[in-house]
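Reproduced below: data33.txt, with compact mmCIF, C-alpha atoms.
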# COMPACT_ATOMS: atom_id res chain seq x y z
CA MET O 1 0.00 0.00 0.00
CA LYS O 2 1.25 3.45 -0.87
CA ASN O 3 2.08 5.79 2.00
CA TRP O 4 0.63 9.30 2.09
CA ASN O 5 3.73 10.86 0.51
CA ASP O 6 3.34 8.58 -2.50
CA GLU O 7 -0.35 9.48 -2.78
CA LEU O 8 0.43 13.20 -2.60
CA GLN O 9 3.18 12.80 -5.20
CA ALA O 10 0.77 11.02 -7.57
CA LEU O 11 -1.74 13.87 -7.17
CA VAL O 12 0.97 16.48 -7.92
CA VAL O 13 2.07 14.59 -11.03
CA GLU O 14 -1.57 14.48 -12.21
CA LYS O 15 -1.71 18.27 -12.04
CA LEU O 16 1.47 18.64 -14.10
CA ASP O 17 2.32 17.71 -17.64
CA MET O 18 5.66 16.06 -16.87
CA GLY O 19 6.25 15.51 -20.59
CA LYS O 20 6.82 19.22 -20.99
CA SER O 21 9.40 21.49 -19.43
CA VAL O 22 8.25 22.11 -15.86
CA ASP O 23 10.08 24.69 -13.77
CA ASP O 24 10.54 24.62 -9.99
CA ALA O 25 7.97 27.37 -9.37
CA LEU O 26 5.25 25.43 -11.19
CA ILE O 27 5.96 22.29 -9.16
CA SER O 28 5.92 24.30 -5.95
CA ARG O 29 2.51 25.79 -6.78
CA ALA O 30 1.13 22.36 -7.69
CA ILE O 31 2.27 20.97 -4.32
CA ASP O 32 0.60 23.89 -2.50
CA ASP O 33 -2.64 23.25 -4.39
CA VAL O 34 -2.63 19.54 -3.54
CA LEU O 35 -1.93 20.17 0.15
CA VAL O 36 -4.74 22.75 0.34
CA GLN O 37 -7.18 20.17 -1.08
CA GLN O 38 -6.21 17.50 1.46
CA LYS O 39 -8.35 17.47 4.59
CA ARG O 40 -5.62 15.67 6.52
CA ALA O 41 -3.24 18.55 5.79
CA MET O 42 -5.64 21.12 7.27
CA TYR O 43 -5.00 19.82 10.80
CA LEU O 44 -1.24 19.54 10.50
CA PRO O 45 1.05 22.06 12.23
CA LEU O 46 2.49 24.60 9.81
CA ALA O 47 6.03 23.26 10.27
CA ARG O 48 4.88 19.75 9.33
CA ARG O 49 3.12 21.05 6.23
CA PHE O 50 6.32 22.76 5.16
CA GLN O 51 8.16 19.48 5.76
CA TYR O 52 5.71 17.60 3.53
CA LYS O 53 6.14 20.24 0.84
CA LYS O 54 9.95 19.96 0.99
CA GLU O 55 9.81 16.14 0.85
CA LEU O 56 7.47 16.23 -2.12
CA PHE O 57 9.60 18.75 -3.97
CA ASP O 58 12.76 16.73 -3.27
CA SER O 59 11.14 13.54 -4.54
CA LEU O 60 10.00 15.19 -7.76
CA ARG O 61 12.89 17.51 -8.54
CA ARG O 62 15.90 16.46 -6.53
CA LEU O 63 17.26 13.31 -4.86
CA ASP O 64 14.36 12.45 -2.55
CA VAL O 65 15.67 11.47 0.92
CA LEU O 66 19.25 12.05 -0.22
CA SER O 67 18.57 15.77 -0.65
CA GLU O 68 19.05 16.29 3.09
CA VAL O 69 22.59 14.91 3.14
CA SER O 70 23.47 16.34 -0.27
CA ASP O 71 22.77 19.80 1.19
CA ASP O 72 25.15 19.19 4.11
CA PRO O 73 28.60 20.61 3.21
CA GLU O 74 30.28 18.32 5.75
CA VAL O 75 29.11 15.16 3.97
CA THR O 76 31.79 14.00 1.54
CA GLU O 77 30.39 10.62 0.49
CA ILE O 78 26.92 9.09 0.24
CA MET O 79 26.56 5.31 -0.07
CA VAL O 80 23.19 3.76 -0.92
CA ASN O 81 23.08 -0.03 -0.52
CA GLY O 82 19.46 -0.54 -1.56
CA PRO O 83 16.43 1.53 -0.49
CA ASP O 84 16.75 1.00 3.28
CA HIS O 85 20.50 1.01 3.89
CA ILE O 86 22.15 4.40 3.41
CA PHE O 87 25.52 5.41 4.83
CA ILE O 88 27.36 8.72 4.74
CA GLU O 89 30.90 9.89 5.37
CA LYS O 90 30.96 13.01 7.51
CA GLY O 91 34.09 14.52 8.99
CA GLY O 92 36.04 11.49 7.78
CA LYS O 93 33.81 9.02 9.68
CA LEU O 94 31.21 6.59 8.35
CA GLU O 95 27.75 6.66 9.88
CA LYS O 96 24.36 5.26 9.01
CA PHE O 97 21.71 7.64 7.71
CA GLU O 98 18.48 6.84 9.49
CA ARG O 99 16.12 7.66 6.65
CA GLY O 100 15.44 5.47 3.62
CA PHE O 101 13.52 5.50 0.36
CA SER O 102 9.80 4.78 0.53
CA SER O 103 10.21 1.93 -1.94
CA ARG O 104 12.68 0.28 -4.27
CA LYS O 105 10.75 1.84 -7.15
CA LYS O 106 11.42 5.32 -5.73
CA LEU O 107 15.16 4.62 -5.52
CA GLU O 108 15.10 3.36 -9.12
CA ASP O 109 13.38 6.60 -10.20
CA VAL O 110 16.08 8.68 -8.49
CA VAL O 111 18.80 6.57 -10.13
CA GLN O 112 17.30 7.18 -13.57
CA GLN O 113 17.08 10.89 -12.79
CA MET O 114 20.79 10.97 -11.89
CA ALA O 115 21.74 9.17 -15.08
CA ALA O 116 19.53 11.41 -17.23
CA VAL O 117 21.12 14.58 -15.83
CA ALA O 118 24.53 13.32 -17.00
CA ASN O 119 23.15 12.12 -20.34
CA ARG O 120 23.95 8.51 -19.37
CA ARG O 121 21.92 5.35 -19.76
CA VAL O 122 21.58 2.73 -17.03
CA ASN O 123 19.43 -0.40 -17.23
CA GLU O 124 19.66 -4.19 -16.93
CA ALA O 125 21.60 -4.39 -20.18
CA ASN O 126 24.00 -1.67 -19.00
CA PRO O 127 23.89 -1.96 -15.20
CA ILE O 128 27.12 -0.10 -14.27
CA VAL O 129 27.47 3.62 -14.95
CA ASP O 130 29.69 6.51 -13.87
CA ALA O 131 28.08 9.95 -14.02
CA ARG O 132 28.09 13.35 -12.34
CA LEU O 133 25.39 15.51 -10.81
CA LYS O 134 24.76 19.17 -11.55
CA ASP O 135 26.81 20.21 -8.52
CA GLY O 136 29.83 18.30 -9.85
CA SER O 137 29.48 15.30 -7.52
CA ARG O 138 30.72 12.01 -8.97
CA VAL O 139 28.23 9.14 -9.06
CA ASN O 140 28.68 5.42 -9.55
CA ILE O 141 25.52 3.37 -10.13
CA VAL O 142 25.16 -0.42 -10.08
CA LEU O 143 21.75 -1.96 -10.83
CA PRO O 144 20.32 -5.46 -10.37
CA PRO O 145 20.95 -8.20 -11.37
CA ILE O 146 24.59 -7.21 -10.66
CA ALA O 147 23.60 -5.62 -7.32
CA LEU O 148 21.71 -8.30 -5.41
CA ASP O 149 19.91 -6.14 -2.83
CA GLY O 150 18.67 -3.33 -5.05
CA PRO O 151 20.34 -0.36 -6.75
CA VAL O 152 23.70 0.64 -5.27
CA VAL O 153 24.66 4.31 -5.57
CA THR O 154 27.93 5.87 -4.45
CA ILE O 155 28.17 9.66 -4.57
CA ARG O 156 31.53 11.38 -4.09
CA ARG O 157 30.89 15.02 -3.22
CA PHE O 158 33.29 17.91 -3.73
CA SER O 159 33.58 21.35 -2.21
CA GLU O 160 31.43 24.01 -3.89
CA GLU O 161 34.58 26.08 -4.33
CA PRO O 162 37.61 24.41 -5.93
CA ILE O 163 40.17 23.62 -3.25
CA SER O 164 43.31 25.66 -3.76
CA MET O 165 46.87 24.66 -2.95
CA GLU O 166 46.87 27.32 -0.22
CA ARG O 167 44.01 25.52 1.56
CA LEU O 168 45.83 22.19 1.26
CA ILE O 169 48.85 23.84 2.90
CA GLN O 170 46.65 25.20 5.70
CA TRP O 171 45.15 21.73 6.26
CA GLY O 172 48.63 20.21 6.48
CA SER O 173 48.18 18.07 3.37
CA ILE O 174 51.42 19.42 1.94
CA SER O 175 54.19 21.67 3.21
CA ARG O 176 54.64 25.15 1.79
CA GLU O 177 58.16 24.27 0.67
CA ALA O 178 56.95 21.22 -1.30
CA ALA O 179 54.09 23.24 -2.79
CA GLU O 180 56.52 25.92 -3.95
CA PHE O 181 58.71 23.21 -5.48
CA LEU O 182 55.74 21.75 -7.40
CA LYS O 183 54.71 25.24 -8.51
CA ILE O 184 58.07 25.72 -10.21
CA MET O 185 57.85 22.23 -11.73
CA VAL O 186 54.44 23.01 -13.25
CA ILE O 187 55.61 26.38 -14.58
CA CYS O 188 58.69 24.77 -16.13
CA GLY O 189 56.61 22.13 -17.89
CA TYR O 190 57.55 18.99 -16.01
CA ASN O 191 55.12 16.12 -16.64
CA ILE O 192 53.59 15.10 -13.31
CA PHE O 193 51.69 11.94 -12.43
CA ILE O 194 49.67 11.80 -9.19
CA SER O 195 49.12 8.41 -7.55
CA GLY O 196 47.21 7.26 -4.50
CA GLY O 197 44.51 4.98 -3.19
CA THR O 198 40.75 5.49 -3.37
CA GLY O 199 39.69 8.64 -1.51
CA SER O 200 43.24 9.94 -1.12
CA GLY O 201 42.37 13.22 -2.86
CA LYS O 202 44.01 12.74 -6.26
CA THR O 203 41.42 14.72 -8.24
CA THR O 204 41.40 17.54 -5.68
CA PHE O 205 45.19 17.73 -5.73
CA LEU O 206 45.28 17.65 -9.52
CA GLY O 207 42.91 20.65 -9.65
CA ALA O 208 45.01 22.53 -7.08
CA LEU O 209 48.22 21.77 -8.97
CA ALA O 210 46.71 23.03 -12.22
CA GLU O 211 46.28 26.52 -10.74
CA TYR O 212 50.02 26.98 -11.32
CA ILE O 213 49.69 26.59 -15.10
CA PRO O 214 50.84 29.90 -16.64
CA ALA O 215 48.13 32.15 -18.07
CA GLY O 216 47.78 32.08 -21.83
CA GLU O 217 48.41 28.37 -22.29
CA ARG O 218 45.84 26.17 -24.02
CA VAL O 219 44.79 23.30 -21.76
CA ILE O 220 42.64 20.29 -22.67
CA THR O 221 41.10 18.16 -19.90
CA ILE O 222 39.92 14.62 -20.61
CA GLU O 223 37.75 12.68 -18.16
CA ASP O 224 35.27 9.82 -17.95
CA SER O 225 32.93 12.10 -15.99
CA ALA O 226 33.95 15.75 -16.02
CA GLU O 227 34.66 16.84 -12.46
CA LEU O 228 37.85 18.90 -12.65
CA ARG O 229 37.30 22.59 -12.01
CA LEU O 230 40.33 24.56 -13.10
CA VAL O 231 40.74 28.14 -11.92
CA GLY O 232 42.59 30.75 -13.94
CA VAL O 233 42.78 28.84 -17.23
CA ASP O 234 41.02 30.91 -19.90
CA ASN O 235 41.93 28.83 -22.96
CA LEU O 236 40.35 25.64 -21.61
CA VAL O 237 38.77 22.75 -23.53
CA ARG O 238 36.87 20.18 -21.45
CA LEU O 239 36.22 16.76 -23.00
CA GLU O 240 34.21 13.86 -21.61
CA THR O 241 33.81 10.27 -22.79
CA ARG O 242 30.55 8.91 -24.20
CA MET O 243 29.10 5.46 -23.71
CA ALA O 244 27.98 3.29 -26.59
CA ASN O 245 24.31 3.35 -27.53
CA LEU O 246 21.94 0.36 -27.37
CA GLU O 247 23.45 -1.05 -30.56
CA GLY O 248 26.96 -0.77 -29.14
CA LYS O 249 27.86 2.12 -31.46
CA TYR O 250 29.15 5.69 -31.11
CA GLU O 251 31.28 5.09 -28.02
CA VAL O 252 33.97 7.72 -27.41
CA THR O 253 36.77 6.53 -25.12
CA ILE O 254 39.60 8.24 -23.25
CA ARG O 255 41.95 6.94 -25.97
CA ASP O 256 39.84 8.56 -28.69
CA LEU O 257 39.84 11.87 -26.83
CA ILE O 258 43.61 11.89 -26.21
CA ARG O 259 44.31 11.19 -29.87
CA ASN O 260 41.91 13.89 -30.96
CA ALA O 261 43.32 16.36 -28.41
CA LEU O 262 46.69 16.17 -30.14
CA ARG O 263 45.03 17.79 -33.18
CA GLN O 264 43.58 20.65 -31.11
CA ARG O 265 46.88 22.46 -30.52
CA PRO O 266 47.13 21.90 -26.76
CA ASP O 267 50.00 23.22 -24.69
CA ARG O 268 49.12 20.77 -21.94
CA ILE O 269 46.83 17.76 -21.68
CA ILE O 270 45.25 16.79 -18.36
CA VAL O 271 43.75 13.30 -18.11
CA GLY O 272 41.61 12.92 -15.00
CA GLU O 273 42.54 9.29 -14.42
CA ILE O 274 44.42 6.60 -16.31
CA ARG O 275 42.81 3.19 -15.88
CA SER O 276 43.62 1.08 -18.92
CA LYS O 277 45.00 1.12 -22.48
CA GLU O 278 44.90 4.92 -22.64
CA ALA O 279 48.17 4.92 -20.64
CA PHE O 280 50.02 4.38 -23.92
CA ASP O 281 48.33 7.39 -25.54
CA MET O 282 49.02 9.58 -22.51
CA LEU O 283 52.72 8.66 -22.58
CA ASN O 284 52.77 9.31 -26.31
CA ALA O 285 51.40 12.82 -25.71
CA MET O 286 53.98 13.47 -22.98
CA ASN O 287 56.74 12.33 -25.32
CA THR O 288 55.66 14.45 -28.29
CA GLY O 289 56.09 17.99 -27.00
CA HIS O 290 53.14 18.46 -24.65
CA ASP O 291 55.28 19.32 -21.65
CA GLY O 292 53.55 20.06 -18.38
CA SER O 293 50.85 17.43 -18.85
CA LEU O 294 49.19 15.96 -15.75
CA SER O 295 47.31 12.81 -14.85
CA THR O 296 46.39 10.50 -11.96
CA GLY O 297 46.13 6.79 -11.24
CA HIS O 298 45.33 4.32 -8.47
CA ALA O 299 48.29 2.75 -6.67
CA ASN O 300 49.64 2.11 -3.17
CA SER O 301 53.10 3.60 -3.80
CA PRO O 302 55.11 5.28 -6.55
CA LYS O 303 56.75 1.94 -7.46
CA ASP O 304 53.34 0.27 -7.65
CA MET O 305 52.16 3.10 -9.91
CA LEU O 306 55.03 2.50 -12.30
CA SER O 307 54.20 -1.21 -12.42
CA ARG O 308 50.55 -0.43 -13.09
CA ILE O 309 51.44 1.99 -15.90
CA GLU O 310 53.61 -0.71 -17.46
CA MET O 311 50.72 -3.18 -17.29
CA MET O 312 48.22 -0.69 -18.72
CA VAL O 313 50.49 0.21 -21.63
CA LEU O 314 50.96 -3.48 -22.45
CA MET O 315 47.16 -3.89 -22.47
CA GLY O 316 46.99 -1.42 -25.34
CA MET O 317 50.17 -2.11 -27.27
CA ASP O 318 52.32 -5.18 -27.89
CA LEU O 319 55.75 -3.80 -27.00
CA PRO O 320 58.85 -5.17 -25.25
CA LEU O 321 58.85 -4.30 -21.55
CA ALA O 322 62.16 -2.49 -21.95
CA ALA O 323 60.61 -0.20 -24.58
CA VAL O 324 57.63 0.52 -22.32
CA ARG O 325 59.95 1.48 -19.47
CA ARG O 326 61.90 3.80 -21.76
CA GLN O 327 58.63 5.50 -22.72
CA ILE O 328 57.70 5.95 -19.05
CA ALA O 329 61.14 7.21 -18.07
CA SER O 330 61.23 9.77 -20.88
CA GLY O 331 57.55 10.80 -20.57
CA ILE O 332 56.89 11.21 -16.84
CA ASP O 333 59.16 13.52 -14.87
CA LEU O 334 57.66 13.44 -11.37
CA LEU O 335 55.46 11.14 -9.30
CA VAL O 336 53.45 12.66 -6.44
CA HIS O 337 51.99 10.01 -4.14
CA LEU O 338 49.06 10.77 -1.85
CA GLY O 339 47.67 8.73 1.00
CA ARG O 340 44.91 8.68 3.57
CA LEU O 341 46.29 8.12 7.05
CA ARG O 342 44.59 6.26 9.89
CA ASP O 343 43.19 9.55 11.28
CA LYS O 344 41.46 9.96 7.85
CA SER O 345 43.64 12.94 6.92
CA ARG O 346 44.87 13.15 3.33
CA ARG O 347 48.58 13.87 2.90
CA VAL O 348 51.25 14.05 0.26
CA LEU O 349 53.44 11.12 1.28
CA GLU O 350 56.13 11.12 -1.41
CA ILE O 351 57.43 13.18 -4.30
CA GLU O 352 59.81 11.28 -6.56
CA GLU O 353 61.68 12.18 -9.71
CA ILE O 354 61.96 9.53 -12.41
CA ALA O 355 65.72 9.64 -12.79
CA GLY O 356 66.04 7.29 -15.76
CA LEU O 357 66.87 3.65 -16.45
CA GLU O 358 69.48 1.41 -14.90
CA ASP O 359 69.76 -2.21 -16.05
CA GLU O 360 66.43 -1.73 -17.85
CA LYS O 361 64.72 -0.77 -14.57
CA ILE O 362 63.23 2.62 -13.75
CA VAL O 363 65.21 4.49 -11.10
CA LEU O 364 63.50 6.92 -8.72
CA ASN O 365 65.18 9.94 -7.15
CA PRO O 366 63.46 10.70 -3.77
CA LEU O 367 62.71 14.40 -3.33
CA TYR O 368 60.25 14.56 -0.39
CA ARG O 369 59.07 11.92 2.08
CA PHE O 370 56.43 12.20 4.81
CA VAL O 371 57.89 11.35 8.22
CA GLU O 372 55.43 10.58 11.01
CA GLU O 373 56.31 12.21 14.34
CA GLY O 374 53.64 10.87 16.66
CA GLU O 375 49.97 11.36 17.45
CA ALA O 376 48.08 13.94 19.51
CA ASP O 377 44.33 14.22 20.13
CA GLY O 378 43.69 11.54 17.52
CA LYS O 379 45.60 13.46 14.84
CA ILE O 380 48.80 12.24 13.24
CA LYS O 381 51.69 14.65 13.41
CA GLY O 382 54.35 14.58 10.75
CA THR O 383 56.49 16.51 8.31
CA LEU O 384 57.09 16.29 4.58
CA VAL O 385 60.87 16.18 4.71
CA CYS O 386 63.07 17.23 1.80
CA CYS O 387 65.51 14.41 1.05
CA ALA O 388 66.68 15.65 -2.35
CA LYS O 389 70.30 15.71 -3.35
CA GLY O 390 69.22 17.65 -6.41
CA LEU O 391 67.30 17.09 -9.62
CA VAL O 392 68.71 14.63 -12.12
CA HIS O 393 66.94 16.25 -15.06
CA LYS O 394 67.46 20.02 -15.01
CA GLU O 395 66.88 20.76 -18.71
CA LYS O 396 63.31 22.10 -18.40
CA LEU O 397 64.24 24.05 -15.28
CA GLN O 398 67.14 25.76 -17.01
CA ALA O 399 65.15 26.37 -20.21
CA ALA O 400 62.58 28.27 -18.14
CA GLY O 401 65.30 30.44 -16.59
CA TYR O 402 65.33 28.92 -13.09
CA ASP O 403 68.34 28.00 -10.99
CA GLU O 404 68.22 24.74 -9.02
CA ALA O 405 69.20 26.67 -5.90
CA VAL O 406 65.64 28.04 -5.63
CA LEU O 407 64.13 24.55 -5.36
CA PHE O 408 65.49 23.06 -2.15
CA HIS O 409 66.16 25.12 0.94

Give the structure from this file in structure tokens form.
Amino acid sequence: MKNWNDELQALVVEKLDMGKSVDDALISRAIDDVLVQQKRAMYLPLARRFQYKKELFDSLRRLDVLSEVSDDPEVTEIMVNGPDHIFIEKGGKLEKFERGFSSRKKLEDVVQQMAAVANRRVNEANPIVDARLKDGSRVNIVLPPIALDGPVVTIRRFSEEPISMERLIQWGSISREAAEFLKIMVICGYNIFISGGTGSGKTTFLGALAEYIPAGERVITIEDSAELRLVGVDNLVRLETRMANLEGKYEVTIRDLIRNALRQRPDRIIVGEIRSKEAFDMLNAMNTGHDGSLSTGHANSPKDMLSRIEMMVLMGMDLPLAAVRRQIASGIDLLVHLGRLRDKSRRVLEIEEIAGLEDEKIVLNPLYRFVEEGEADGKIKGTLVCCAKGLVHKEKLQAAGYDEAVLFH
């Protein structure tokens, strides 16, 4: 049996022609009209009537019960494991959200609404989809029969304002000295790859790092779901992949976009995340004059990231391993590794220079390492210590007019 909210929603929908463009004001007036006509609503306190109106509006126009947590700036992640089991991450801690969807059908409606906003398609034939909401939040959707207990939705939320490097310094995610070093590296056109585990802040750090790109350069960003928000880049081209249609046609992949970007006269190419065969195309771009390019990838350490890049390149191209390693060593200049510590803080843990090859193995030159110094009030104390003896590759630094003495103090 439908609950009263469902009945009210059905009455509101009857008053509206949902096939046409319906603005928020029209929906709001329709809800008011329906509530006025309901005898039960006449005896409700005014605050409760307002609550019913908000719930109805959220169910028709927004994310239903998720609207409450999506409006909370402290909530960074929303995890829906079926209609009745919702969890949120708030202040770095997981907690259960006490409310749930009125029915599985209602959750399915919200899922379709999310996908439609991002121009994505999700159904039994295509049950796994990555998308983004209007506010820039990243969404992963998994439908039955893959998800056994109903639709599973994971929403990664981002700050309304892009997080700057200055804020990361204030939060202790990186030292000012290391940030200044990376600033010079970006200006000089060093190719930088950011690695880290899930939730370590790779995308946030990539956006903050990109603020150092000199004005006047043409930048092309390439992502599965566009979420990067670059500040201060006027000549910016944003590209996003496209899924295949029902017939399996018209798919546009990361590889397609990187290859096409090379024809669009970019100064720098930024790939949101490397996951597969596109690693070869990204290295190709880095090795063909697009200095200062940036990207990210999942890994537990800089060495693991190098191994993963090797594997991903070999997925897309049949090459000798030695040739792949030469491509990596000549294409990527720096690795910045991020991590999430046990107190849930996100830190830069390592900055390494790819020094070159020795006995056909990639050699890393450590520049900065995070050193833990204890714990106080549940917070980990530590310092990003400079351990550099100097840069191995100084060519880009010198070409930009910088002296190595300004890098390490």

- So what do you get for CA of Thr241 (chain O) versus CA of Glu223 (chain O), distance-wise? 6.5 Å

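Across the model, the gap from CA of Ala131 (chain O) to CA of Val117 (chain O) is 8.6 Å.
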
- Residue neighbourhood Ser175 (chain O), 12 Å, all atoms listed in the file, exclusion window fewer than 6 positions, as a PyMOL selection string: chain O and resi 165-169+181-182+347-351+368-370+382-386

- Of the residues O:Asp84, O:Glu95, O:Glu310, O:Asp109, which is the one nearest to Val69 (chain O), using only C-alpha atoms?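 The shortest atom-to-atom distance to Val69 (chain O) comes from O:Glu95.
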
- Task: Identify the residues around (71.9, 24.3, -1.6) within a radius of 12 Å, measuring from all atoms listed in the file in the coordinates stated by the file, and give them as a ChimeraX atom specification.
- Result: /O:386,388-391,403-409

- Contacts of Val233 (chain O) at 10 Å or less, counting all atoms listed in the file, minus same-chain residues fewer than 6 places along, as a ChimeraX atom specification? /O:210-219

- Item | Gap from CA of Met286 (chain O) to CA of Pro266 (chain O) - Å, one decimal | 11.5 Å

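Distances from O:Met282, O:Ile155, O:Ile274, O:Ala261 to Ile332 (chain O) were compared using only C-alpha atoms, and the smallest one belongs to O:Met282.
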
- Message: Just checking: using all atoms listed in the file, which residue out of O:Arg138, O:Lys90, O:Arg275, O:Lys394 ends up closest to Ala299 (chain O)?
- Response: O:Arg275

- Task: For each of O:Leu314, O:Leu367, O:Ala279, O:Leu357, take the minimum atom-to-atom distance to Ala329 (chain O), counting only C-alpha atoms, then give the residue where this is smallest.
- Result: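 Closest candidate: O:Leu357.
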
- Item | Residue neighbourhood Pro302 (chain O), 8 Å, only C-alpha atoms, exclusion window fewer than 2 positions, as a PyMOL selection string | chain O and resi 195+299-300+304-306+335-337+350+352

- Using only C-alpha atoms, the shortest atom-to-atom distance to Arg342 (chain O) among O:Met317, O:Ala118, O:Lys93, O:Ala147 belongs to O:Lys93

- Query: Skipping near chain neighbours, those fewer than 4 positions away, what residues fall within 10 Å of Glu77 (chain O) using only C-alpha atoms, listed as a ChimeraX atom specification?
  - Reply: /O:69-70,87-90,92-94,137-139,154-158,199

- Message: Could you check the closest approach to Lys303 (chain O) for each of O:Ser345, O:Asn365, O:Ser67, O:Ser276 and tell me which residue wins, using all atoms listed in the file?
- Response: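 That would be O:Asn365, the residue with the smallest distance to Lys303 (chain O).
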
- Task: Please return, as a list in words, all polymer residues that have at least one atom within 12 Å of the point (68.2, 18.6, -19.4); use only C-alpha atoms and the file's own coordinate frame.
- Result: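 Residues lying no farther than 12 Å from the given point: Cys188, Tyr190, Ser330, Asp333, Ala355, Leu391, Val392, His393, Lys394, Glu395, Lys396, Leu397, Gln398, Ala399 and Ala400 of chain O.
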
File of the preceding selection, C-alpha atoms, as a JSON list (two decimals), in the coordinates of the input:
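See out_5.json below for the written result:
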[["chain", "number", "residue", "atom", "x", "y", "z"],
["O", 188, "CYS", "CA", 58.69, 24.77, -16.13],
["O", 190, "TYR", "CA", 57.55, 18.99, -16.01],
["O", 330, "SER", "CA", 61.23, 9.77, -20.88],
["O", 333, "ASP", "CA", 59.16, 13.52, -14.87],
["O", 355, "ALA", "CA", 65.72, 9.64, -12.79],
["O", 391, "LEU", "CA", 67.30, 17.09, -9.62],
["O", 392, "VAL", "CA", 68.71, 14.63, -12.12],
["O", 393, "HIS", "CA", 66.94, 16.25, -15.06],
["O", 394, "LYS", "CA", 67.46, 20.02, -15.01],
["O", 395, "GLU", "CA", 66.88, 20.76, -18.71],
["O", 396, "LYS", "CA", 63.31, 22.10, -18.40],
["O", 397, "LEU", "CA", 64.24, 24.05, -15.28],
["O", 398, "GLN", "CA", 67.14, 25.76, -17.01],
["O", 399, "ALA", "CA", 65.15, 26.37, -20.21],
["O", 400, "ALA", "CA", 62.58, 28.27, -18.14]]

- Residues near Thr198 (chain O), cut-off 9 Å, all atoms listed in the file, skip fewer than 3 positions along chain, as a list in words: Gly201, Lys202, His298, Ala299, Gly339 and Arg340 of chain O

If I only want region 226-230 of chain O, can you write it with all heavy atoms, as a PDB file, in the first residue's frame?
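The resulting out.pdb:
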ATOM      1  N   ALA O 226      33.269  14.474 -16.247  1.00  0.00           N
ATOM      2  CA  ALA O 226      33.955  15.753 -16.020  1.00  0.00           C
ATOM      3  C   ALA O 226      33.717  16.260 -14.609  1.00  0.00           C
ATOM      4  O   ALA O 226      32.580  16.525 -14.218  1.00  0.00           O
ATOM      5  CB  ALA O 226      33.482  16.785 -17.039  1.00  0.00           C
ATOM      6  N   GLU O 227      34.787  16.345 -13.822  1.00  0.00           N
ATOM      7  CA  GLU O 227      34.663  16.842 -12.455  1.00  0.00           C
ATOM      8  C   GLU O 227      35.759  17.841 -12.095  1.00  0.00           C
ATOM      9  O   GLU O 227      35.669  18.514 -11.069  1.00  0.00           O
ATOM     10  CB  GLU O 227      34.674  15.684 -11.463  1.00  0.00           C
ATOM     11  CG  GLU O 227      35.929  14.839 -11.547  1.00  0.00           C
ATOM     12  CD  GLU O 227      35.803  13.535 -10.772  1.00  0.00           C
ATOM     13  OE1 GLU O 227      34.931  12.729 -11.102  1.00  0.00           O
ATOM     14  OE2 GLU O 227      36.589  13.346  -9.830  1.00  0.00           O
ATOM     15  N   LEU O 228      36.793  17.923 -12.915  1.00  0.00           N
ATOM     16  CA  LEU O 228      37.852  18.896 -12.654  1.00  0.00           C
ATOM     17  C   LEU O 228      37.324  20.312 -12.828  1.00  0.00           C
ATOM     18  O   LEU O 228      36.627  20.606 -13.795  1.00  0.00           O
ATOM     19  CB  LEU O 228      39.018  18.681 -13.616  1.00  0.00           C
ATOM     20  CG  LEU O 228      40.018  17.575 -13.276  1.00  0.00           C
ATOM     21  CD1 LEU O 228      40.971  17.371 -14.435  1.00  0.00           C
ATOM     22  CD2 LEU O 228      40.782  17.902 -12.001  1.00  0.00           C
ATOM     23  N   ARG O 229      37.668  21.175 -11.896  1.00  0.00           N
ATOM     24  CA  ARG O 229      37.301  22.586 -12.007  1.00  0.00           C
ATOM     25  C   ARG O 229      38.590  23.403 -11.904  1.00  0.00           C
ATOM     26  O   ARG O 229      39.145  23.571 -10.820  1.00  0.00           O
ATOM     27  CB  ARG O 229      36.311  22.965 -10.909  1.00  0.00           C
ATOM     28  CG  ARG O 229      34.927  22.357 -11.118  1.00  0.00           C
ATOM     29  CD  ARG O 229      34.008  22.648  -9.959  1.00  0.00           C
ATOM     30  NE  ARG O 229      34.371  21.891  -8.779  1.00  0.00           N
ATOM     31  CZ  ARG O 229      33.769  22.025  -7.598  1.00  0.00           C
ATOM     32  NH1 ARG O 229      32.796  22.911  -7.457  1.00  0.00           N
ATOM     33  NH2 ARG O 229      34.139  21.292  -6.573  1.00  0.00           N
ATOM     34  N   LEU O 230      39.060  23.848 -13.056  1.00  0.00           N
ATOM     35  CA  LEU O 230      40.329  24.560 -13.102  1.00  0.00           C
ATOM     36  C   LEU O 230      40.095  26.060 -13.003  1.00  0.00           C
ATOM     37  O   LEU O 230      39.252  26.614 -13.714  1.00  0.00           O
ATOM     38  CB  LEU O 230      41.077  24.225 -14.392  1.00  0.00           C
ATOM     39  CG  LEU O 230      41.338  22.737 -14.665  1.00  0.00           C
ATOM     40  CD1 LEU O 230      42.276  22.579 -15.851  1.00  0.00           C
ATOM     41  CD2 LEU O 230      41.898  22.026 -13.437  1.00  0.00           C
TER      42      LEU O 230
END
